[in-house]
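Trainee: Data: target37.txt, compact mmCIF, C-alpha atoms.
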```
# COMPACT_ATOMS: atom_id res chain seq x y z
CA MET V 720 -136.58 -43.13 -43.80
CA ALA V 721 -137.48 -39.68 -42.46
CA THR V 722 -138.78 -37.05 -44.87
CA VAL V 723 -136.15 -34.40 -45.66
CA LYS V 724 -137.22 -30.80 -46.11
CA CYS V 725 -136.47 -29.55 -49.63
CA SER V 726 -134.23 -26.52 -49.32
CA ILE V 727 -130.88 -25.10 -50.40
CA PRO V 728 -128.39 -22.95 -48.45
CA LYS V 729 -129.13 -19.23 -48.25
CA GLY V 730 -127.34 -17.25 -50.91
CA THR V 731 -127.50 -20.08 -53.46
CA ARG V 732 -130.08 -20.78 -56.17
CA ASP V 733 -131.51 -23.44 -58.45
CA PHE V 734 -131.93 -22.40 -62.08
CA LEU V 735 -134.93 -23.51 -64.14
CA PRO V 736 -134.58 -24.12 -67.89
CA VAL V 737 -135.83 -20.63 -68.77
CA GLU V 738 -133.35 -19.08 -66.34
CA MET V 739 -130.51 -21.20 -67.73
CA ALA V 740 -131.38 -20.12 -71.27
CA ARG V 741 -131.13 -16.49 -70.18
CA ARG V 742 -127.90 -17.08 -68.25
CA ASN V 743 -126.36 -18.80 -71.26
CA TYR V 744 -127.33 -15.78 -73.37
CA ILE V 745 -125.27 -13.61 -71.00
CA PHE V 746 -122.35 -16.07 -70.93
CA ASP V 747 -122.36 -16.46 -74.71
CA THR V 748 -122.44 -12.68 -75.24
CA ILE V 749 -119.52 -12.09 -72.87
CA ARG V 750 -117.57 -15.05 -74.27
CA SER V 751 -118.00 -13.76 -77.83
CA VAL V 752 -116.48 -10.40 -76.86
CA PHE V 753 -113.58 -12.08 -75.04
CA ARG V 754 -112.85 -14.09 -78.18
CA ALA V 755 -113.11 -10.97 -80.37
CA PHE V 756 -110.21 -9.51 -78.36
CA ALA V 757 -108.13 -12.72 -78.72
CA PHE V 758 -108.46 -14.00 -75.14
CA GLU V 759 -107.97 -17.73 -74.53
CA PRO V 760 -110.03 -19.88 -72.11
CA ILE V 761 -108.72 -21.65 -69.00
CA GLU V 762 -110.28 -23.24 -65.90
CA THR V 763 -108.99 -23.61 -62.34
CA PRO V 764 -110.28 -25.82 -59.48
CA SER V 765 -113.08 -24.74 -57.17
CA LEU V 766 -110.81 -25.62 -54.23
CA GLU V 767 -107.52 -23.80 -53.65
CA ASN V 768 -105.02 -24.13 -50.84
CA LEU V 769 -105.78 -21.55 -48.15
CA SER V 770 -102.15 -20.44 -48.41
CA THR V 771 -103.01 -19.34 -51.96
CA LEU V 772 -106.10 -17.40 -50.93
CA MET V 773 -105.41 -15.90 -47.49
CA GLY V 774 -103.99 -12.39 -47.27
CA LYS V 775 -104.81 -11.42 -50.86
CA TYR V 776 -108.21 -9.77 -50.38
CA GLY V 777 -107.72 -7.58 -47.35
CA GLU V 778 -108.94 -8.22 -43.83
CA GLU V 779 -112.62 -8.16 -44.79
CA GLY V 780 -112.11 -10.47 -47.75
CA ASP V 781 -110.30 -13.04 -45.62
CA LYS V 782 -113.33 -13.19 -43.31
CA LEU V 783 -115.55 -14.13 -46.25
CA LEU V 784 -113.53 -17.14 -47.37
CA PHE V 785 -115.35 -20.47 -47.16
CA LYS V 786 -112.91 -22.87 -45.51
CA VAL V 787 -113.19 -26.63 -46.11
CA LEU V 788 -112.54 -29.08 -43.28
CA ASN V 789 -109.70 -31.55 -43.84
CA SER V 790 -110.75 -35.13 -44.50
CA GLY V 791 -110.13 -37.99 -42.08
CA ASP V 792 -109.81 -37.57 -38.31
CA PHE V 793 -108.95 -33.89 -38.54
CA MET V 794 -109.89 -33.18 -34.89
CA GLU V 795 -107.41 -35.59 -33.35
CA GLY V 796 -104.89 -33.78 -31.17
CA VAL V 797 -106.43 -30.32 -31.70
CA ASP V 798 -106.89 -28.13 -28.62
CA PHE V 799 -110.21 -26.39 -29.28
CA ASN V 800 -109.70 -24.08 -26.31
CA GLN V 801 -107.27 -22.08 -28.43
CA ASP V 802 -108.14 -18.94 -30.35
CA TYR V 803 -110.09 -19.68 -33.56
CA HIS V 804 -107.29 -18.27 -35.73
CA LYS V 805 -104.92 -20.88 -34.26
CA VAL V 806 -107.41 -23.74 -34.52
CA ALA V 807 -108.54 -23.09 -38.13
CA PRO V 808 -105.20 -23.87 -39.86
CA GLN V 809 -105.05 -27.20 -37.98
CA ILE V 810 -108.43 -28.43 -39.21
CA CYS V 811 -108.68 -26.91 -42.71
CA ASP V 812 -106.01 -26.14 -45.29
CA ARG V 813 -108.22 -25.60 -48.34
CA GLY V 814 -110.98 -23.19 -49.26
CA LEU V 815 -113.47 -22.35 -52.02
CA ARG V 816 -112.07 -19.71 -54.33
CA TYR V 817 -113.14 -16.14 -53.50
CA ASP V 818 -112.47 -14.80 -56.98
CA LEU V 819 -110.78 -15.91 -60.21
CA THR V 820 -107.85 -13.46 -60.20
CA VAL V 821 -105.72 -14.87 -57.37
CA PRO V 822 -106.12 -18.45 -58.68
CA PHE V 823 -105.15 -17.08 -62.11
CA ALA V 824 -101.93 -15.64 -60.67
CA ARG V 825 -101.18 -19.03 -59.13
CA PHE V 826 -101.99 -20.67 -62.49
CA VAL V 827 -99.59 -18.36 -64.37
CA VAL V 828 -96.71 -19.11 -62.03
CA GLN V 829 -97.40 -22.84 -61.99
CA HIS V 830 -97.63 -23.02 -65.80
CA ARG V 831 -95.13 -20.30 -66.70
CA ASP V 832 -93.36 -22.62 -69.18
CA GLN V 833 -96.60 -23.47 -70.97
CA VAL V 834 -98.08 -20.02 -71.63
CA VAL V 835 -96.85 -17.30 -74.00
CA PHE V 836 -96.45 -13.80 -72.53
CA PRO V 837 -98.15 -11.40 -72.70
CA PHE V 838 -100.90 -13.89 -71.88
CA ARG V 839 -104.58 -13.07 -72.40
CA ARG V 840 -106.99 -15.42 -70.67
CA TYR V 841 -110.70 -15.56 -70.00
CA GLN V 842 -112.52 -17.68 -67.44
CA LEU V 843 -116.23 -18.20 -66.69
CA GLN V 844 -116.65 -20.08 -63.40
CA PRO V 845 -118.42 -19.83 -60.03
CA VAL V 846 -116.87 -18.29 -56.89
CA TRP V 847 -118.00 -18.37 -53.26
CA ARG V 848 -118.15 -15.75 -50.51
CA ALA V 849 -119.51 -16.15 -46.97
CA ASP V 850 -121.41 -12.89 -47.32
CA ARG V 851 -124.82 -11.90 -45.97
CA PRO V 852 -127.29 -12.73 -48.77
CA GLN V 853 -129.34 -9.82 -50.11
CA LYS V 854 -130.56 -8.44 -53.43
CA GLY V 855 -127.75 -8.69 -55.95
CA ARG V 856 -125.42 -10.38 -53.45
CA TYR V 857 -125.08 -14.16 -53.32
CA ARG V 858 -122.83 -16.68 -51.60
CA GLU V 859 -122.33 -18.61 -54.82
CA PHE V 860 -122.16 -16.70 -58.08
CA TYR V 861 -120.44 -16.68 -61.44
CA GLN V 862 -117.66 -14.37 -62.52
CA CYS V 863 -116.64 -13.84 -66.12
CA ASP V 864 -113.01 -12.68 -66.08
CA ALA V 865 -110.62 -11.44 -68.72
CA ASP V 866 -107.00 -10.63 -67.82
CA MET V 867 -103.83 -9.65 -69.66
CA ILE V 868 -100.60 -10.47 -67.84
CA GLY V 869 -97.00 -9.73 -68.78
CA SER V 870 -97.43 -6.19 -70.16
CA PRO V 871 -97.59 -2.79 -68.39
CA SER V 872 -99.04 -1.01 -71.45
CA LEU V 873 -102.11 1.16 -70.86
CA LEU V 874 -103.41 -0.09 -74.21
CA ASN V 875 -104.57 -3.07 -72.15
CA GLU V 876 -106.68 -0.81 -69.92
CA LEU V 877 -108.18 0.82 -73.01
CA GLU V 878 -109.13 -2.58 -74.43
CA LEU V 879 -110.84 -3.48 -71.17
CA VAL V 880 -112.97 -0.33 -71.48
CA GLN V 881 -113.73 -1.24 -75.10
CA MET V 882 -114.73 -4.76 -74.03
CA ILE V 883 -117.01 -3.38 -71.32
CA ASP V 884 -118.57 -1.06 -73.90
CA MET V 885 -119.09 -3.89 -76.41
CA VAL V 886 -120.57 -6.35 -73.89
CA PHE V 887 -123.13 -3.94 -72.47
CA THR V 888 -124.01 -2.53 -75.90
CA LYS V 889 -124.76 -6.09 -77.05
CA LEU V 890 -126.81 -6.74 -73.90
CA GLY V 891 -128.69 -3.44 -74.20
CA ILE V 892 -127.67 -2.11 -70.77
CA ASN V 893 -126.89 1.58 -70.36
CA VAL V 894 -123.80 1.82 -68.11
CA CYS V 895 -121.31 4.22 -66.60
CA VAL V 896 -117.69 3.08 -66.36
CA LYS V 897 -115.99 4.61 -63.31
CA ILE V 898 -112.18 4.73 -63.30
CA ASN V 899 -109.59 5.69 -60.71
CA ASN V 900 -105.98 4.76 -59.95
CA ARG V 901 -104.63 3.23 -56.74
CA LYS V 902 -101.47 5.34 -57.07
CA VAL V 903 -103.71 8.39 -56.76
CA LEU V 904 -105.17 6.96 -53.56
CA ALA V 905 -101.66 6.25 -52.28
CA GLY V 906 -100.76 9.84 -53.15
CA ILE V 907 -103.77 11.12 -51.21
CA ALA V 908 -102.73 9.07 -48.17
CA GLU V 909 -99.20 10.50 -48.40
CA MET V 910 -100.48 14.04 -49.00
CA ILE V 911 -102.54 14.04 -45.77
CA GLY V 912 -99.63 12.60 -43.79
CA ALA V 913 -101.00 9.07 -43.42
CA PRO V 914 -99.06 6.88 -45.90
CA ASP V 915 -99.25 3.94 -43.47
CA LYS V 916 -103.07 4.20 -43.53
CA MET V 917 -103.43 3.55 -47.27
CA VAL V 918 -105.36 0.28 -46.76
CA ASP V 919 -107.58 1.79 -44.05
CA ILE V 920 -108.39 4.76 -46.29
CA THR V 921 -109.24 2.61 -49.32
CA VAL V 922 -111.37 0.17 -47.33
CA ALA V 923 -113.39 3.05 -45.87
CA ILE V 924 -113.69 5.05 -49.10
CA ASP V 925 -114.80 1.92 -50.95
CA LYS V 926 -117.98 1.99 -48.81
CA LEU V 927 -118.90 5.58 -49.73
CA ASP V 928 -121.83 4.61 -51.99
CA LYS V 929 -123.18 2.19 -49.38
CA ILE V 930 -122.84 4.12 -46.10
CA GLY V 931 -122.45 7.78 -47.08
CA LEU V 932 -119.75 10.40 -46.42
CA ASP V 933 -120.46 10.94 -42.72
CA ASN V 934 -120.16 7.23 -41.96
CA VAL V 935 -116.97 7.00 -44.02
CA ARG V 936 -115.51 9.83 -41.92
CA ALA V 937 -116.56 8.02 -38.75
CA GLU V 938 -114.92 4.79 -39.95
CA LEU V 939 -111.73 6.63 -40.86
CA ALA V 940 -111.63 8.02 -37.32
CA GLU V 941 -112.13 4.52 -35.93
CA ARG V 942 -109.20 3.37 -38.08
CA GLY V 943 -106.91 5.91 -36.44
CA LEU V 944 -106.94 8.94 -38.74
CA THR V 945 -106.92 12.32 -37.02
CA ALA V 946 -109.63 14.92 -37.53
CA GLU V 947 -107.14 17.04 -39.51
CA GLN V 948 -106.27 14.14 -41.82
CA ILE V 949 -109.94 13.35 -42.42
CA ALA V 950 -110.68 17.01 -43.13
CA ALA V 951 -107.78 17.07 -45.60
CA LEU V 952 -109.66 14.47 -47.67
CA ASP V 953 -112.59 16.82 -48.28
CA PRO V 954 -111.03 18.58 -51.32
CA VAL V 955 -110.67 15.17 -52.96
CA PHE V 956 -114.30 14.24 -52.25
CA SER V 957 -115.50 17.59 -53.63
CA LEU V 958 -113.49 17.68 -56.89
CA SER V 959 -115.80 18.09 -59.89
CA GLY V 960 -115.61 18.74 -63.61
CA SER V 961 -114.32 16.71 -66.54
CA ALA V 962 -111.67 14.04 -66.24
CA ALA V 963 -109.10 16.48 -67.62
CA GLU V 964 -110.06 19.10 -65.02
CA LYS V 965 -109.89 16.60 -62.16
CA ILE V 966 -106.49 15.34 -63.33
CA ALA V 967 -105.17 18.92 -63.55
CA ALA V 968 -106.36 19.52 -59.96
CA LEU V 969 -104.62 16.32 -58.84
CA GLU V 970 -101.37 17.38 -60.50
CA ALA V 971 -101.50 20.64 -58.52
CA MET V 972 -102.32 18.83 -55.26
CA PHE V 973 -99.54 16.30 -55.80
CA ALA V 974 -96.81 18.80 -56.61
CA ASN V 975 -94.47 17.10 -54.13
CA VAL V 976 -96.02 13.61 -54.04
CA GLU V 977 -94.28 11.36 -56.55
CA VAL V 978 -96.62 8.37 -56.39
CA GLY V 979 -99.66 10.63 -56.77
CA LEU V 980 -98.13 12.35 -59.81
CA LYS V 981 -97.46 8.97 -61.39
CA GLY V 982 -101.10 7.96 -60.87
CA ALA V 983 -102.30 11.25 -62.37
CA ALA V 984 -100.01 10.72 -65.39
CA GLU V 985 -101.41 7.22 -65.95
CA LEU V 986 -104.97 8.56 -65.75
CA LYS V 987 -104.14 11.34 -68.24
CA GLU V 988 -102.72 8.82 -70.72
CA LEU V 989 -105.61 6.39 -70.28
CA PHE V 990 -108.34 9.01 -70.66
CA GLY V 991 -106.53 10.29 -73.76
CA LEU V 992 -106.69 6.80 -75.27
CA ILE V 993 -110.36 6.47 -74.32
CA ALA V 994 -111.21 9.83 -75.91
CA ALA V 995 -109.49 8.75 -79.13
CA ALA V 996 -111.33 5.39 -79.15
CA GLY V 997 -114.74 7.00 -78.53
CA PRO V 998 -116.72 4.29 -76.70
CA LYS V 999 -120.52 4.54 -76.69
CA CYS V 1000 -120.82 4.20 -72.90
CA GLU V 1001 -120.24 6.96 -70.35
CA VAL V 1002 -116.75 6.93 -68.81
CA GLU V 1003 -116.10 8.91 -65.62
CA LEU V 1004 -113.08 9.63 -63.44
CA ASP V 1005 -114.30 8.90 -59.90
CA LEU V 1006 -111.67 9.77 -57.29
CA THR V 1007 -113.69 8.09 -54.53
CA LEU V 1008 -113.52 4.72 -56.29
CA ALA V 1009 -111.20 2.51 -54.23
CA ARG V 1010 -111.90 -1.20 -54.90
CA GLY V 1011 -111.32 -2.92 -51.57
CA LEU V 1012 -108.97 -5.66 -52.80
CA ASN V 1013 -105.39 -5.16 -51.65
CA TYR V 1014 -103.67 -6.46 -54.77
CA TYR V 1015 -104.62 -3.54 -57.06
CA THR V 1016 -101.76 -1.13 -57.80
CA GLY V 1017 -102.81 1.01 -60.78
CA ALA V 1018 -105.97 1.74 -62.76
CA ILE V 1019 -109.18 0.42 -61.19
CA PHE V 1020 -112.60 0.06 -62.83
CA GLU V 1021 -116.18 -0.27 -61.71
CA VAL V 1022 -119.30 -0.41 -63.90
CA LYS V 1023 -122.76 0.67 -62.77
CA ALA V 1024 -126.07 0.18 -64.59
CA LYS V 1025 -127.62 3.62 -65.08
CA ASP V 1026 -131.27 2.52 -65.21
CA VAL V 1027 -131.37 -0.01 -62.35
CA SER V 1028 -130.48 0.47 -58.70
CA ILE V 1029 -127.98 -2.30 -57.99
CA GLY V 1030 -124.31 -2.57 -57.06
CA SER V 1031 -121.39 -2.86 -59.42
CA ILE V 1032 -122.00 -5.22 -62.36
CA CYS V 1033 -118.38 -5.28 -63.52
CA GLY V 1034 -115.07 -4.31 -61.98
CA GLY V 1035 -111.34 -4.83 -62.04
CA GLY V 1036 -107.97 -3.18 -62.19
CA ARG V 1037 -104.19 -3.32 -62.60
CA TYR V 1038 -102.07 -5.51 -60.32
CA ASP V 1039 -98.30 -5.18 -60.69
CA ASN V 1040 -96.92 -7.98 -58.56
CA LEU V 1041 -99.62 -10.50 -57.72
CA THR V 1042 -97.55 -13.34 -59.18
CA GLY V 1043 -94.65 -12.25 -56.97
CA ILE V 1044 -96.48 -13.75 -53.99
CA PHE V 1045 -96.04 -17.11 -55.68
CA GLY V 1046 -92.38 -16.62 -56.58
CA MET V 1047 -92.58 -14.85 -59.97
CA PRO V 1048 -91.97 -11.13 -59.30
CA ASP V 1049 -92.33 -8.08 -61.54
CA VAL V 1050 -95.06 -9.43 -63.81
CA SER V 1051 -97.75 -6.80 -64.36
CA GLY V 1052 -101.35 -7.76 -65.05
CA VAL V 1053 -104.71 -6.10 -65.50
CA GLY V 1054 -108.21 -7.51 -65.77
CA ILE V 1055 -111.94 -7.15 -65.33
CA SER V 1056 -114.71 -9.37 -64.03
CA PHE V 1057 -118.32 -9.29 -65.26
CA GLY V 1058 -120.84 -10.22 -62.57
CA ALA V 1059 -123.19 -12.50 -64.52
CA ASP V 1060 -125.73 -12.80 -61.70
CA ARG V 1061 -126.16 -9.07 -61.25
CA ILE V 1062 -126.28 -8.60 -65.03
CA TYR V 1063 -129.10 -11.19 -65.04
CA ASP V 1064 -130.97 -9.17 -62.39
CA VAL V 1065 -130.52 -5.97 -64.40
CA LEU V 1066 -131.79 -7.53 -67.64
CA THR V 1067 -134.75 -9.02 -65.74
CA GLU V 1068 -135.71 -5.68 -64.22
CA LEU V 1069 -135.35 -3.95 -67.60
CA GLY V 1070 -137.26 -6.70 -69.42
CA ALA V 1071 -134.38 -6.73 -71.88
CA PHE V 1072 -133.88 -10.43 -72.59
CA PRO V 1073 -134.49 -11.27 -76.28
CA GLU V 1074 -137.65 -13.19 -77.11
CA GLY V 1075 -137.38 -16.88 -77.89
CA LEU V 1076 -134.48 -17.73 -75.55
CA GLU V 1077 -136.68 -20.16 -73.64
CA GLN V 1078 -137.60 -22.21 -76.72
CA ALA V 1079 -136.34 -25.74 -76.14
CA ALA V 1080 -137.50 -26.88 -79.58
CA ARG V 1081 -138.09 -25.15 -82.89
CA VAL V 1082 -140.69 -27.72 -83.87
CA MET V 1083 -142.66 -30.48 -82.13
CA PHE V 1084 -144.08 -33.53 -83.90
CA ILE V 1085 -147.54 -34.65 -82.85
CA ASN V 1086 -147.57 -38.36 -81.97
CA PHE V 1087 -150.48 -40.20 -83.65
CA GLY V 1088 -149.26 -43.74 -82.94
CA ALA V 1089 -146.50 -46.29 -83.62
CA ASN V 1090 -146.46 -46.04 -87.42
CA GLU V 1091 -146.59 -42.26 -87.51
CA GLN V 1092 -144.01 -42.06 -84.72
CA ALA V 1093 -141.60 -44.16 -86.79
CA ALA V 1094 -142.00 -41.74 -89.72
CA CYS V 1095 -141.41 -38.74 -87.42
CA ILE V 1096 -138.17 -40.25 -86.08
CA GLY V 1097 -136.56 -40.16 -89.52
CA ILE V 1098 -137.79 -36.65 -90.31
CA ALA V 1099 -136.67 -35.32 -86.90
CA ALA V 1100 -133.21 -36.81 -87.49
CA ARG V 1101 -132.92 -34.88 -90.76
CA LEU V 1102 -133.97 -31.64 -89.04
CA ARG V 1103 -131.45 -32.09 -86.25
CA ALA V 1104 -128.70 -32.76 -88.80
CA ALA V 1105 -129.63 -29.35 -90.25
CA ASP V 1106 -129.20 -27.75 -86.77
CA ILE V 1107 -132.95 -27.39 -86.23
CA SER V 1108 -134.06 -28.48 -82.74
CA ALA V 1109 -136.90 -30.98 -82.99
CA LEU V 1110 -139.03 -32.79 -80.42
CA ILE V 1111 -141.37 -35.76 -80.85
CA TYR V 1112 -144.09 -35.93 -78.20
CA PRO V 1113 -143.31 -39.25 -76.46
CA ASP V 1114 -146.87 -40.63 -76.17
CA ALA V 1115 -149.86 -40.94 -78.49
CA ALA V 1116 -151.89 -38.80 -76.09
CA LYS V 1117 -155.00 -36.76 -76.88
CA MET V 1118 -154.38 -33.95 -79.35
CA LYS V 1119 -155.37 -31.26 -76.81
CA LYS V 1120 -152.79 -32.51 -74.31
CA GLN V 1121 -150.04 -32.50 -76.92
CA MET V 1122 -150.96 -29.02 -78.20
CA ASP V 1123 -151.18 -27.66 -74.64
CA PHE V 1124 -147.68 -28.99 -74.02
CA ALA V 1125 -146.38 -27.24 -77.16
CA ASN V 1126 -148.00 -23.98 -76.05
CA ARG V 1127 -146.58 -24.19 -72.52
CA LYS V 1128 -143.09 -24.91 -73.91
CA GLN V 1129 -143.52 -22.00 -76.36
CA VAL V 1130 -142.67 -24.20 -79.35
CA PRO V 1131 -143.20 -21.97 -82.42
CA PHE V 1132 -144.12 -24.77 -84.88
CA VAL V 1133 -146.01 -28.05 -84.61
CA ALA V 1134 -145.66 -30.79 -87.26
CA PHE V 1135 -148.31 -33.36 -88.23
CA VAL V 1136 -147.39 -36.61 -89.97
CA GLY V 1137 -150.58 -38.65 -90.45
CA GLU V 1138 -151.62 -41.28 -92.95
CA SER V 1139 -151.92 -38.88 -95.91
CA GLU V 1140 -148.57 -37.21 -95.16
CA MET V 1141 -146.88 -40.61 -94.85
CA LYS V 1142 -148.34 -41.63 -98.21
CA ASP V 1143 -147.24 -38.41 -99.94
CA GLY V 1144 -143.87 -38.06 -98.14
CA THR V 1145 -144.87 -34.66 -96.73
CA VAL V 1146 -145.34 -32.88 -93.41
CA THR V 1147 -148.10 -30.47 -92.36
CA LEU V 1148 -146.49 -27.59 -90.47
CA LYS V 1149 -148.52 -25.31 -88.21
CA ASN V 1150 -147.30 -21.86 -87.14
CA MET V 1151 -148.39 -21.56 -83.49
CA ALA V 1152 -148.25 -17.76 -83.55
CA ASP V 1153 -150.79 -17.14 -86.33
CA GLY V 1154 -152.39 -20.57 -86.73
CA THR V 1155 -151.52 -20.91 -90.44
CA GLN V 1156 -150.71 -24.35 -91.85
CA GLN V 1157 -148.84 -25.54 -94.92
CA THR V 1158 -148.02 -28.97 -96.32
CA LEU V 1159 -144.35 -29.29 -97.25
CA THR V 1160 -141.69 -31.72 -98.26
CA VAL V 1161 -138.96 -32.30 -95.67
CA GLU V 1162 -136.57 -30.14 -97.73
CA GLU V 1163 -139.11 -27.32 -97.83
CA MET V 1164 -139.73 -27.72 -94.11
CA ILE V 1165 -135.99 -27.37 -93.42
CA ALA V 1166 -135.93 -24.18 -95.52
CA VAL V 1167 -138.88 -22.70 -93.57
CA LEU V 1168 -137.50 -23.61 -90.14
CA GLY V 1169 -133.80 -22.98 -90.82
```
Show me, as structure tokens, the structure contained in the file I just sent.

Mentor:
Amino acid sequence: MATVKCSIPKGTRDFLPVEMARRNYIFDTIRSVFRAFAFEPIETPSLENLSTLMGKYGEEGDKLLFKVLNSGDFMEGVDFNQDYHKVAPQICDRGLRYDLTVPFARFVVQHRDQVVFPFRRYQLQPVWRADRPQKGRYREFYQCDADMIGSPSLLNELELVQMIDMVFTKLGINVCVKINNRKVLAGIAEMIGAPDKMVDITVAIDKLDKIGLDNVRAELAERGLTAEQIAALDPVFSLSGSAAEKIAALEAMFANVEVGLKGAAELKELFGLIAAAGPKCEVELDLTLARGLNYYTGAIFEVKAKDVSIGSICGGGRYDNLTGIFGMPDVSGVGISFGADRIYDVLTELGAFPEGLEQAARVMFINFGANEQAACIGIAARLRAADISALIYPDAAKMKKQMDFANRKQVPFVAFVGESEMKDGTVTLKNMADGTQQTLTVEEMIAVLG
């Protein structure tokens, strides 16, 4: 058999035990906050029907969907001289999920008789995007989502901000939460006389941080906006001051634009709630924030780490009729998604992971031989029953080899059970950090290690 080169697809990663310990720290932190706000867990399949996924993420999102070939003789009878967009539906009708929100909307409609509204769910699962791999951007990555569906109350948006604040406070990451409202963006499009260009405007504005203002203007021109319409956006780009001052300016600009006034009113109410709640993190009204996904209809959020140069590490927003696509109209939802992989990169760059996460065992028993090993088995069982992780070295190898293993695995304590300990019913416990040793009963050992 030919030798196969060891490799994985670009944009995907293997995770070593240390990395998994750190990832689980992130997942456990986020999950604990979700539970504190009374969210319930669900899971959905990795594969969804393409009819579920297509058309929900905008033109650019659709291009990034991984499509899965049908099984069997899927090529039979297919004319491959046709345009790709005509061929694709004939050979693949499923795809890997692009995010967790659209599958969640499908889930809600499909299980509408089994969930209680308003429904609060959380979900920690991988998603896939056929993107160009680069720092902080992967083709396979985890999202950690929390959504409330079945209530239009802006209290939900406030709680999302509070959850963001709590998660990143626990993780020790200094963040800025940027907020805007898609109704404001719709109002801007109407104000400059281009209401039919709402999607084009948001897609271009969403790239402002990546490509700069001049390139955004150039893209808007390519998308059919006139020079006058593009120039009319400049007052929006240049608005400064507090959230209250920006909202007041919007109210003046939108004097005759109903949808814009509604967006400004929602922002005023939300920022009032946020001010009353007093989160620790910085919260900013950013009128250039667009969020490229088409299904957002109200408040939108994006979270940036202040001390590390990386893209958004959390984002989300309000969607008023996503379930309507699946036959259940007029059900409003709002949610956020924490990007676990980017959060991992931020914590790595900051050196902010807690010490000891990589410890596989709290204590390791030195193996002196068959009789001593038998004694260690019983003691280790008692430790594990007390929720203390214990490891017995599997072979009666040289002491140096066993101690080197304990050091490399960063085991904080090593236990010795030799002839004298077996006779006395004790254990000699060595602290690997300071080298001190003490001889203890098993009960005393549990008290020290617990």

Trainee: Point out the residue among V:Gln1078, V:Asp1153, V:Gly1169, V:Gln853 with the least atom-to-atom distance to V:Ile1107, counting all atoms listed in the file.

Mentor: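 Nearest to V:Ile1107: V:Gly1169.
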
Trainee: Have a look at V:Ala963, V:Met1047, V:Met1151, V:Ile883 and name the one nearest to V:Val752; count only C-alpha atoms.

Mentor: V:Ile883

Trainee: Find the residues near V:Val935: any atom within 9 Å, counting all atoms listed in the file, skip ones fewer than 5 places away on the same chain, and give them as a VMD selection string.

Mentor: chain V and resid 923 to 927 930 940

Trainee: Restricting the calculation to all atoms listed in the file: of V:Val1027, V:Ala1080, V:Ile745, V:Val1136, which residue gets closest to V:Thr1158?

Mentor: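 Closest to V:Thr1158, using all atoms listed in the file: V:Val1136.
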
Trainee: When you draw a straight line from atom CA of V:Phe1087 to atom CA of V:Ala1166, how long is it in Å?

Mentor: 24.7 Å

Trainee: Of the candidates V:Asn934, V:Thr1007, V:Lys854, V:Asn900, which shows the shortest atom-to-atom distance to V:Ile1019, using all atoms listed in the file?

Mentor: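 The closest residue to V:Ile1019 is V:Asn900.
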
Trainee: List the neighbours of V:Pro736 out to 12 Å using only C-alpha atoms; skip same-chain residues closer than 6 positions along the sequence, and give me the result as a PDB file with C-alpha atoms, in the frame of the given file.

Mentor:
```pdb
ATOM      1  CA  ARG V 742    -127.900 -17.080 -68.250  1.00  0.00           C
ATOM      2  CA  ASN V 743    -126.360 -18.800 -71.260  1.00  0.00           C
ATOM      3  CA  LEU V1076    -134.480 -17.730 -75.550  1.00  0.00           C
ATOM      4  CA  GLU V1077    -136.680 -20.160 -73.640  1.00  0.00           C
ATOM      5  CA  GLN V1078    -137.600 -22.210 -76.720  1.00  0.00           C
ATOM      6  CA  ALA V1079    -136.340 -25.740 -76.140  1.00  0.00           C
ATOM      7  CA  LYS V1128    -143.090 -24.910 -73.910  1.00  0.00           C
TER       8      LYS V1128
END
```

Trainee: Do you have the atom CA of V:Leu958-atom CA of V:Met972 distance handy?

Mentor: 11.3 Å

Trainee: Can you tell me which residues surround V:Glu947 at a distance of at most 12 Å, considering all atoms listed in the file, apart from same-chain residues fewer than 6 positions away, and format the answer as a list in words?

Mentor: Met910, Ile911, Gly912, Ala913, Arg936, Leu939, Ala940 and Asp953 of chain V

Trainee: For V:Phe756, please output as a list of chain:residue names all residues within 12 Å (counting all atoms listed in the file; exclusion window: fewer than 6 positions along the same chain).

Mentor: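 The neighbour list is V:Ile749, V:Arg750, V:Arg839, V:Arg840, V:Tyr841, V:Ala865, V:Asp866, V:Met867, V:Asn875, V:Leu877, V:Glu878, V:Leu879, V:Val880, V:Gln881, V:Met882, V:Ile883, V:Met885, V:Val886.
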
Trainee: Could the residues in this selection be written to a file with C-alpha atoms, as an mmCIF file, in the frame of the given file?

Mentor:
```cif
data_model
loop_
_atom_site.group_PDB
_atom_site.id
_atom_site.type_symbol
_atom_site.label_atom_id
_atom_site.label_comp_id
_atom_site.auth_asym_id
_atom_site.auth_seq_id
_atom_site.Cartn_x
_atom_site.Cartn_y
_atom_site.Cartn_z
ATOM 1 C CA ILE V 749 -119.520 -12.090 -72.870
ATOM 2 C CA ARG V 750 -117.570 -15.050 -74.270
ATOM 3 C CA ARG V 839 -104.580 -13.070 -72.400
ATOM 4 C CA ARG V 840 -106.990 -15.420 -70.670
ATOM 5 C CA TYR V 841 -110.700 -15.560 -70.000
ATOM 6 C CA ALA V 865 -110.620 -11.440 -68.720
ATOM 7 C CA ASP V 866 -107.000 -10.630 -67.820
ATOM 8 C CA MET V 867 -103.830 -9.650 -69.660
ATOM 9 C CA ASN V 875 -104.570 -3.070 -72.150
ATOM 10 C CA LEU V 877 -108.180 0.820 -73.010
ATOM 11 C CA GLU V 878 -109.130 -2.580 -74.430
ATOM 12 C CA LEU V 879 -110.840 -3.480 -71.170
ATOM 13 C CA VAL V 880 -112.970 -0.330 -71.480
ATOM 14 C CA GLN V 881 -113.730 -1.240 -75.100
ATOM 15 C CA MET V 882 -114.730 -4.760 -74.030
ATOM 16 C CA ILE V 883 -117.010 -3.380 -71.320
ATOM 17 C CA MET V 885 -119.090 -3.890 -76.410
ATOM 18 C CA VAL V 886 -120.570 -6.350 -73.890
#
```
